[in-house]
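The file run-v3.pdb contains PDB, C-alpha atoms and all ligand atoms:
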ATOM      1  CA  MET A1481      12.067   2.242   5.957
ATOM      2  CA  THR A1482      15.324   2.362   7.923
ATOM      3  CA  SER A1483      15.395   4.568  11.020
ATOM      4  CA  VAL A1484      17.459   7.141   9.077
ATOM      5  CA  ALA A1485      14.798   7.213   6.358
ATOM      6  CA  THR A1486      12.096   7.478   9.033
ATOM      7  CA  ASP A1487      13.836  10.536  10.490
ATOM      8  CA  LYS A1488      14.183  12.046   7.028
ATOM      9  CA  ALA A1489      10.537  11.345   6.251
ATOM     10  CA  ALA A1490       9.463  13.049   9.487
ATOM     11  CA  ALA A1491      11.629  16.074   8.654
ATOM     12  CA  ALA A1492      10.224  16.193   5.105
ATOM     13  CA  LEU A1493       6.685  16.035   6.441
ATOM     14  CA  GLY A1494       7.392  18.949   8.784
ATOM     15  CA  LYS A1495       8.852  21.034   5.946
ATOM     16  CA  LEU A1496       5.913  20.404   3.622
ATOM     17  CA  GLN A1497       3.372  21.095   6.340
ATOM     18  CA  ALA A1498       5.098  24.357   7.321
ATOM     19  CA  ALA A1499       5.300  25.455   3.668
ATOM     20  CA  ASN A1500       1.606  24.736   3.266
ATOM     21  CA  ASP A1501       0.587  26.503   6.477
ATOM     22  CA  GLY A1502       2.888  29.491   5.961
ATOM     23  CA  ARG A1503       2.361  29.760   2.173
ATOM     24  CA  SER A1504       6.137  29.716   1.805
ATOM     25  CA  GLU A1505       8.224  27.941  -0.798
ATOM     26  CA  ILE A1506      10.819  25.296  -0.013
ATOM     27  CA  GLU A1507      13.606  23.692  -2.009
ATOM     28  CA  PRO A1508      12.863  20.178  -3.361
ATOM     29  CA  LEU A1509      13.356  17.424  -0.759
ATOM     30  CA  THR A1510      15.617  15.534  -3.161
ATOM     31  CA  ASP A1511      18.158  18.396  -3.183
ATOM     32  CA  THR A1512      19.259  17.066   0.213
ATOM     33  CA  TRP A1513      17.657  13.598   0.068
ATOM     34  CA  PRO A1514      18.356  12.288  -3.456
ATOM     35  CA  GLU A1515      17.568   8.695  -2.522
ATOM     36  CA  LEU A1516      13.938   9.502  -1.580
ATOM     37  CA  ASP A1517      12.057   6.658  -3.296
ATOM     38  CA  GLU A1518       8.533   6.473  -4.662
ATOM     39  CA  HIS A1519       7.169   4.234  -1.916
ATOM     40  CA  THR A1520       8.446   6.537   0.819
ATOM     41  CA  ALA A1521       7.157   9.571  -1.087
ATOM     42  CA  TYR A1522       3.615   8.142  -1.205
ATOM     43  CA  ALA A1523       3.875   7.307   2.509
ATOM     44  CA  ILE A1524       4.819  10.949   3.237
ATOM     45  CA  GLN A1525       1.910  12.137   1.070
ATOM     46  CA  LYS A1526      -0.566   9.983   2.989
ATOM     47  CA  ARG A1527       0.677  11.186   6.369
ATOM     48  CA  LEU A1528       0.647  14.802   5.206
ATOM     49  CA  VAL A1529      -2.939  14.599   3.980
ATOM     50  CA  VAL A1530      -4.238  12.592   6.944
ATOM     51  CA  GLY A1531      -2.645  15.195   9.247
ATOM     52  CA  GLN A1532      -4.260  18.049   7.316
ATOM     53  CA  THR A1533      -7.695  16.442   7.284
ATOM     54  CA  LYS A1534      -7.511  15.831  11.044
ATOM     55  CA  SER A1535      -6.420  19.346  11.909
ATOM     56  CA  GLU A1536      -9.009  20.871   9.564
ATOM     57  CA  HIS A1537     -11.810  18.494  10.671
ATOM     58  CA  THR A1538     -12.392  17.387   7.108
ATOM     59  CA  HIS A1539     -11.869  14.199   5.103
ATOM     60  CA  ILE A1540     -10.353  12.736   1.958
ATOM     61  CA  SER A1541     -12.996  13.145  -0.740
ATOM     62  CA  GLY A1542     -11.410  11.480  -3.743
ATOM     63  CA  LEU A1543      -8.311  10.853  -5.792
ATOM     64  CA  LYS A1544      -6.443  12.850  -8.398
ATOM     65  CA  LEU A1545      -4.173  11.888 -11.221
ATOM     66  CA  GLY A1546      -1.351  14.148 -12.300
ATOM     67  CA  LEU A1547       1.046  14.312 -15.219
ATOM     68  CA  THR A1548      -1.251  12.162 -17.351
ATOM     69  CA  SER A1549      -0.936  14.379 -20.442
ATOM     70  CA  VAL A1550       2.084  14.909 -22.662
ATOM     71  CA  ALA A1551       1.550  18.680 -22.243
ATOM     72  CA  LYS A1552       1.946  18.442 -18.458
ATOM     73  CA  GLN A1553       4.790  15.916 -18.519
ATOM     74  CA  LYS A1554       6.738  18.268 -20.799
ATOM     75  CA  GLN A1555       5.818  21.366 -18.802
ATOM     76  CA  MET A1556       7.002  19.813 -15.521
ATOM     77  CA  SER A1557       9.843  17.667 -16.975
ATOM     78  CA  VAL A1558       8.508  14.548 -15.234
ATOM     79  CA  GLY A1559       7.735  11.662 -17.591
ATOM     80  CA  GLU A1560       5.247   9.546 -15.674
ATOM     81  CA  PRO A1561       1.847   9.843 -14.016
ATOM     82  CA  ILE A1562       1.363  10.362 -10.288
ATOM     83  CA  TYR A1563      -1.614  10.319  -7.967
ATOM     84  CA  GLY A1564      -2.705  12.398  -4.998
ATOM     85  CA  LEU A1565      -5.556  12.753  -2.548
ATOM     86  CA  LEU A1566      -8.416  15.267  -2.709
ATOM     87  CA  ILE A1567      -9.375  17.026   0.514
ATOM     88  CA  ALA A1568     -13.067  17.890   0.956
ATOM     89  CA  SER A1569     -12.434  21.335   2.459
ATOM     90  CA  ARG A1570     -10.232  22.329  -0.505
ATOM     91  CA  MET A1571     -13.127  22.072  -2.932
ATOM     92  CA  ILE A1572     -14.380  25.384  -4.312
ATOM     93  CA  GLY A1573     -18.146  25.398  -4.810
ATOM     94  CA  GLU A1574     -19.372  26.187  -8.308
ATOM     95  CA  GLY A1575     -19.523  29.983  -8.635
ATOM     96  CA  ASP A1576     -17.430  30.659  -5.522
ATOM     97  CA  PRO A1577     -14.243  32.713  -6.005
ATOM     98  CA  LEU A1578     -10.646  31.647  -5.416
ATOM     99  CA  HIS A1579      -8.790  33.868  -2.986
ATOM    100  CA  VAL A1580      -5.354  33.907  -4.640
ATOM    101  CA  ALA A1581      -3.539  35.282  -1.572
ATOM    102  CA  SER A1582      -4.418  32.087   0.314
ATOM    103  CA  LEU A1583      -1.931  30.246  -1.926
ATOM    104  CA  ILE A1584       1.754  30.588  -2.928
ATOM    105  CA  HIS A1585       1.858  30.705  -6.755
ATOM    106  CA  PRO A1586      -1.333  29.054  -8.012
ATOM    107  CA  LYS A1587      -1.953  27.789 -11.523
ATOM    108  CA  ALA A1588      -5.236  26.585 -13.040
ATOM    109  CA  GLU A1589      -5.642  23.519 -15.229
ATOM    110  CA  PRO A1590      -8.651  22.032 -17.053
ATOM    111  CA  GLU A1591      -9.625  18.486 -16.131
ATOM    112  CA  ILE A1592     -12.308  15.844 -16.544
ATOM    113  CA  ALA A1593     -13.577  14.518 -13.206
ATOM    114  CA  ILE A1594     -15.242  11.125 -13.093
ATOM    115  CA  VAL A1595     -17.229   9.157 -10.536
ATOM    116  CA  THR A1596     -16.835   5.387 -10.460
ATOM    117  CA  GLY A1597     -19.808   3.054 -10.337
ATOM    118  CA  ARG A1598     -17.972  -0.195  -9.519
ATOM    119  CA  ASP A1599     -15.109  -1.236  -7.248
ATOM    120  CA  LEU A1600     -11.716  -1.410  -8.939
ATOM    121  CA  GLN A1601      -9.126  -3.643  -7.332
ATOM    122  CA  GLY A1602      -5.671  -3.898  -8.900
ATOM    123  CA  PRO A1603      -3.345  -5.348  -9.974
ATOM    124  CA  GLY A1604      -4.438  -6.346 -13.441
ATOM    125  CA  VAL A1605      -7.099  -3.676 -14.023
ATOM    126  CA  THR A1606      -7.323  -3.094 -17.789
ATOM    127  CA  PRO A1607      -8.543   0.054 -19.561
ATOM    128  CA  GLU A1608     -11.671  -1.958 -20.503
ATOM    129  CA  HIS A1609     -12.402  -2.730 -16.819
ATOM    130  CA  ALA A1610     -11.789   0.894 -15.955
ATOM    131  CA  ARG A1611     -13.956   2.188 -18.787
ATOM    132  CA  ALA A1612     -16.835   0.004 -17.615
ATOM    133  CA  ALA A1613     -16.391   1.349 -14.082
ATOM    134  CA  ILE A1614     -16.815   5.021 -15.040
ATOM    135  CA  GLU A1615     -20.340   6.079 -14.182
ATOM    136  CA  SER A1616     -20.299   9.791 -14.931
ATOM    137  CA  ALA A1617     -18.008  12.585 -16.038
ATOM    138  CA  SER A1618     -17.959  16.302 -15.247
ATOM    139  CA  CYS A1619     -16.145  19.418 -16.298
ATOM    140  CA  ALA A1620     -13.562  20.312 -13.634
ATOM    141  CA  MET A1621     -10.633  22.564 -12.843
ATOM    142  CA  GLU A1622      -7.731  22.021 -10.521
ATOM    143  CA  ILE A1623      -5.752  24.799  -8.857
ATOM    144  CA  ILE A1624      -2.262  23.503  -8.244
ATOM    145  CA  ASP A1625       0.203  25.239  -5.946
ATOM    146  CA  SER A1626       3.511  23.451  -5.552
ATOM    147  CA  ARG A1627       5.114  24.036  -2.204
ATOM    148  CA  TYR A1628       8.454  23.963  -4.083
ATOM    149  CA  LYS A1629      10.076  27.121  -5.331
ATOM    150  CA  ASP A1630       9.315  27.806  -9.013
ATOM    151  CA  PHE A1631       7.463  24.452  -9.307
ATOM    152  CA  ARG A1632      10.880  22.749  -9.525
ATOM    153  CA  PHE A1633      10.649  19.117  -8.422
ATOM    154  CA  THR A1634      11.413  15.511  -9.286
ATOM    155  CA  LEU A1635       8.884  12.676  -9.394
ATOM    156  CA  THR A1636       9.276  11.783  -5.728
ATOM    157  CA  ASP A1637       9.252  15.428  -4.548
ATOM    158  CA  VAL A1638       5.918  16.113  -6.206
ATOM    159  CA  ILE A1639       4.405  12.856  -4.915
ATOM    160  CA  ALA A1640       5.365  13.757  -1.331
ATOM    161  CA  ASP A1641       3.798  17.224  -1.830
ATOM    162  CA  ASN A1642       0.437  15.579  -2.598
ATOM    163  CA  THR A1643       1.052  16.282  -6.310
ATOM    164  CA  SER A1644       0.776  20.073  -5.879
ATOM    165  CA  ALA A1645      -2.934  19.751  -5.020
ATOM    166  CA  ALA A1646      -4.387  22.957  -3.604
ATOM    167  CA  ARG A1647      -8.020  23.510  -4.674
ATOM    168  CA  HIS A1648     -10.417  21.878  -7.082
ATOM    169  CA  THR A1649     -13.794  22.713  -8.480
ATOM    170  CA  ILE A1650     -16.125  20.236 -10.162
ATOM    171  CA  SER A1651     -19.307  21.028 -12.048
ATOM    172  CA  ALA A1652     -22.411  19.606 -10.386
ATOM    173  CA  TYR A1653     -23.577  18.603 -13.875
ATOM    174  CA  ARG A1654     -22.633  14.907 -13.981
ATOM    175  CA  VAL A1655     -23.049  13.289 -17.379
ATOM    176  CA  PRO A1656     -23.555   9.499 -17.582
ATOM    177  CA  VAL A1657     -20.714   8.101 -19.708
ATOM    178  CA  LYS A1658     -22.637   5.136 -21.062
ATOM    179  CA  ASP A1659     -23.026   6.715 -24.486
ATOM    180  CA  LEU A1660     -20.055   9.041 -24.325
ATOM    181  CA  ASP A1661     -16.558   8.601 -25.771
ATOM    182  CA  LEU A1662     -14.379  10.626 -23.397
ATOM    183  CA  ARG A1663     -11.476  10.516 -25.864
ATOM    184  CA  THR A1664     -13.163  12.674 -28.460
ATOM    185  CA  LEU A1665     -14.562  15.415 -26.223
ATOM    186  CA  GLY A1666     -13.133  18.779 -27.236
ATOM    187  CA  VAL A1667     -11.739  21.029 -24.513
ATOM    188  CA  VAL A1668     -11.349  24.816 -24.604
ATOM    189  CA  PHE A1669      -9.511  26.626 -21.813
ATOM    190  CA  GLU A1670      -9.903  30.398 -21.572
ATOM    191  CA  LYS A1671      -8.456  33.135 -19.433
ATOM    192  CA  ASN A1672     -10.186  36.513 -19.343
ATOM    193  CA  GLY A1673     -12.220  35.648 -22.420
ATOM    194  CA  GLU A1674      -9.268  34.559 -24.577
ATOM    195  CA  VAL A1675      -8.584  30.965 -25.559
ATOM    196  CA  VAL A1676      -5.251  29.911 -24.052
ATOM    197  CA  THR A1677      -5.201  26.199 -24.904
ATOM    198  CA  THR A1678      -7.336  23.504 -26.473
ATOM    199  CA  ALA A1679      -7.275  19.724 -26.140
ATOM    200  CA  ALA A1680      -9.392  16.585 -26.340
ATOM    201  CA  GLY A1681     -10.119  13.909 -23.743
ATOM    202  CA  ALA A1682      -7.574  11.640 -25.436
ATOM    203  CA  ALA A1683      -4.852  13.946 -24.074
ATOM    204  CA  ILE A1684      -5.141  11.831 -20.901
ATOM    205  CA  LEU A1685      -2.953   8.833 -21.795
ATOM    206  CA  GLY A1686      -5.001   8.256 -24.955
ATOM    207  CA  ASP A1687      -8.188   7.805 -22.893
ATOM    208  CA  PRO A1688      -9.098   8.882 -19.326
ATOM    209  CA  ALA A1689     -10.017   5.197 -18.770
ATOM    210  CA  VAL A1690      -6.312   4.348 -19.218
ATOM    211  CA  GLY A1691      -5.582   6.844 -16.445
ATOM    212  CA  LEU A1692      -8.163   5.228 -14.184
ATOM    213  CA  ALA A1693      -6.718   1.750 -14.836
ATOM    214  CA  TRP A1694      -3.208   3.057 -14.076
ATOM    215  CA  LEU A1695      -4.558   4.533 -10.828
ATOM    216  CA  ALA A1696      -6.270   1.315  -9.722
ATOM    217  CA  ASN A1697      -3.080  -0.665 -10.342
ATOM    218  CA  LYS A1698      -0.891   1.958  -8.663
ATOM    219  CA  VAL A1699      -2.944   2.256  -5.463
ATOM    220  CA  ALA A1700      -2.919  -1.556  -5.296
ATOM    221  CA  GLU A1701       0.865  -1.322  -4.819
ATOM    222  CA  HIS A1702       0.004   0.493  -1.588
ATOM    223  CA  GLY A1703      -2.636  -2.039  -0.568
ATOM    224  CA  GLU A1704      -5.589   0.122  -1.602
ATOM    225  CA  SER A1705      -8.491  -0.218  -4.027
ATOM    226  CA  ILE A1706     -10.907   2.286  -5.577
ATOM    227  CA  PRO A1707     -14.401   1.750  -4.187
ATOM    228  CA  ALA A1708     -17.532   2.467  -6.237
ATOM    229  CA  GLY A1709     -18.578   6.078  -5.811
ATOM    230  CA  THR A1710     -15.039   7.492  -5.836
ATOM    231  CA  VAL A1711     -14.478  10.916  -7.396
ATOM    232  CA  VAL A1712     -11.318  10.989  -9.533
ATOM    233  CA  MET A1713      -9.801  14.064 -11.179
ATOM    234  CA  THR A1714      -8.123  12.540 -14.236
ATOM    235  CA  GLY A1715      -5.334  15.094 -14.721
ATOM    236  CA  ALA A1716      -4.718  18.290 -16.632
ATOM    237  CA  LEU A1717      -5.624  18.105 -20.309
ATOM    238  CA  THR A1718      -3.302  21.008 -21.187
ATOM    239  CA  ASP A1719      -0.522  23.102 -19.631
ATOM    240  CA  ALA A1720      -1.423  24.810 -16.367
ATOM    241  CA  ILE A1721      -1.618  28.616 -16.454
ATOM    242  CA  ALA A1722      -0.669  31.114 -13.753
ATOM    243  CA  ILE A1723      -3.573  33.060 -12.257
ATOM    244  CA  ALA A1724      -3.741  36.373 -10.413
ATOM    245  CA  PRO A1725      -6.450  38.405  -8.674
ATOM    246  CA  GLY A1726      -8.940  39.710 -11.233
ATOM    247  CA  ASP A1727      -8.534  36.782 -13.615
ATOM    248  CA  VAL A1728     -11.454  34.628 -14.713
ATOM    249  CA  VAL A1729     -10.591  31.163 -16.033
ATOM    250  CA  ARG A1730     -13.077  28.982 -17.835
ATOM    251  CA  VAL A1731     -13.088  25.363 -18.992
ATOM    252  CA  SER A1732     -15.588  24.170 -21.601
ATOM    253  CA  ILE A1733     -15.808  20.514 -22.540
ATOM    254  CA  ALA A1734     -18.081  19.165 -25.271
ATOM    255  CA  GLN A1735     -21.107  17.365 -23.766
ATOM    256  CA  LEU A1736     -19.990  18.196 -20.205
ATOM    257  CA  GLY A1737     -20.694  21.937 -20.212
ATOM    258  CA  SER A1738     -18.457  24.595 -18.735
ATOM    259  CA  LEU A1739     -17.106  25.887 -15.444
ATOM    260  CA  SER A1740     -15.735  29.342 -14.603
ATOM    261  CA  LEU A1741     -13.601  30.451 -11.701
ATOM    262  CA  ARG A1742     -13.126  34.053 -10.609
ATOM    263  CA  CYS A1743      -9.904  34.931  -8.834
ATOM    264  CA  THR A1744      -9.960  37.620  -6.162
TER     265      THR A1744
HETATM  266  C1  LIG B1801       2.041  18.469 -10.504
HETATM  267  C2  LIG B1801       0.570  18.148 -10.491
HETATM  268  C3  LIG B1801       0.068  17.791 -11.862
HETATM  269  C4  LIG B1801      -1.954  17.367 -13.296
HETATM  270  O1  LIG B1801      -3.178  17.419 -13.406
HETATM  271  O2  LIG B1801      -1.212  17.071 -14.232
HETATM  272  C5  LIG B1801      -1.399  17.703 -11.964
HETATM  273  C6  LIG B1801       2.338  19.863 -10.993
HETATM  274  O3  LIG B1801       2.240  20.116 -12.181
HETATM  275  O4  LIG B1801       2.694  20.726 -10.169
HETATM  276  O5  LIG B1801      -2.173  17.918 -11.048
HETATM  277 MG    MG B1802      -4.189  18.379 -11.857
END

Can you give me the file's structure in the form of structure tokens?
Amino acid sequence: MTSVATDKAAAALGKLQAANDGRSEIEPLTDTWPELDEHTAYAIQKRLVVGQTKSEHTHISGLKLGLTSVAKQKQMSVGEPIYGLLIASRMIGEGDPLHVASLIHPKAEPEIAIVTGRDLQGPGVTPEHARAAIESASCAMEIIDSRYKDFRFTLTDVIADNTSAARHTISAYRVPVKDLDLRTLGVVFEKNGEVVTTAAGAAILGDPAVGLAWLANKVAEHGESIPAGTVVMTGALTDAIAIAPGDVVRVSIAQLGSLSLRCT
């Protein structure tokens, strides 16, 4: 990074942190910094999250994929996957409510979370390697909350904003994937007892294992690997839906069970 880019990155970090702390929206970084590149955006993301984990005395608890389904890529007008970092203190325990006023404009999305059982070191990780590295899968939900006004962003904006990550909840029921084909698991997403969207595991790049392989190869570009035992949220299977106090959202996934979240 040149010193000008370093200054811009520091300013961007400050803006994102303030938006997060003050629950206030900002304009996309690229409105005034169109040359923000992917590498710099991931560097900003890392610094943002490390700063947050230090100040909140917590730690990074896993990885998340984003924009891995056609539904999400279309909804957000960004045509490629991204990854972000999960923060332990942002996890909502099963059955605990989400306090909507703690966020800016939250949306809920149904996901499959996996836990790896082997180390994955890119480059060159294939979907077959990744599939063999998935130990278990669980029903999960992510609450995204872009710090950008109206969720308007480009690829690099959303990467810098830790891919809109806000809260996540993962069922404690972990199903071994040995005899499971994640592609064919049916998904039903409900709000207040009505079905809003449906999908199948294959919505994630054809197979969540393809998403995991993409992730292993992508983090390798930043000198990182995925150690055994890593929790990975594999990305929204359908469009995200806005939530408000009083809403109850529920994800049900064949073989993996279901998970509800009450919004207060
Ligand atoms: C970006 C985050 C996308 C997913 O699962 O696709 C994401 C956004 O839509 O704001 O987490
Ligand atoms: Mg997500």

Which protein, DNA or RNA residues have an atom within 8 Å of ligand LIG 1801 (chain B), counting only C-alpha atoms and all ligand atoms, as a VMD selection string?
chain A and resid 1544 to 1549 1552 to 1553 1555 to 1556 1561 to 1562 1589 1591 1622 1624 to 1626 1631 1638 1643 to 1645 1713 to 1717 1720

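Nearest residue to Arg1647 of chain A among A:Thr1596, A:Thr1520, A:Ser1582, A:Gln1532 is A:Ser1582, counting only C-alpha atoms.
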
Excluding same-chain residues fewer than 5 positions from Ala1498 of chain A, what lies within 12 Å of it counting all atoms listed in the file, as a PyMOL selection string?
chain A and resi 1491-1493+1503-1506+1528+1532+1627-1628+1641

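When atom CA of Asp1661 of chain A is paired with atom CA of Ser1738 of chain A, their separation reads 17.6 Å.
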
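The nearest approach to Arg1663 of chain A among the residues A:Ala1485, A:Ile1733, A:Leu1635, A:Ala1693, with all atoms listed in the file taken into account, belongs to A:Ile1733.
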
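Of the listed residues A:Ile1721, A:Leu1692, A:Leu1741, A:Val1728, the one whose atoms come nearest to Thr1606 of chain A is A:Leu1692, with distances taken using all atoms listed in the file.
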
Given the PyMOL selection byres (((chain A and resi 1565) around 9) and not hetatm) and the file above, list the residues it selects as a list of chain:residue names.
A:Gln1525, A:Lys1526, A:Val1529, A:Ile1540, A:Ser1541, A:Gly1542, A:Leu1543, A:Lys1544, A:Leu1545, A:Tyr1563, A:Gly1564, A:Leu1566, A:Ile1567, A:Asn1642, A:Thr1643, A:Ala1645

Given the file shown, determine the residues that the PyMOL selection byres (((chain A and resi 1674) around 12) and not hetatm) selects; report them as a count of residues only.
15

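Interatomic distance, atom CA of Trp1513 of chain A against atom CA of Asn1500 of chain A: 19.8 Å.
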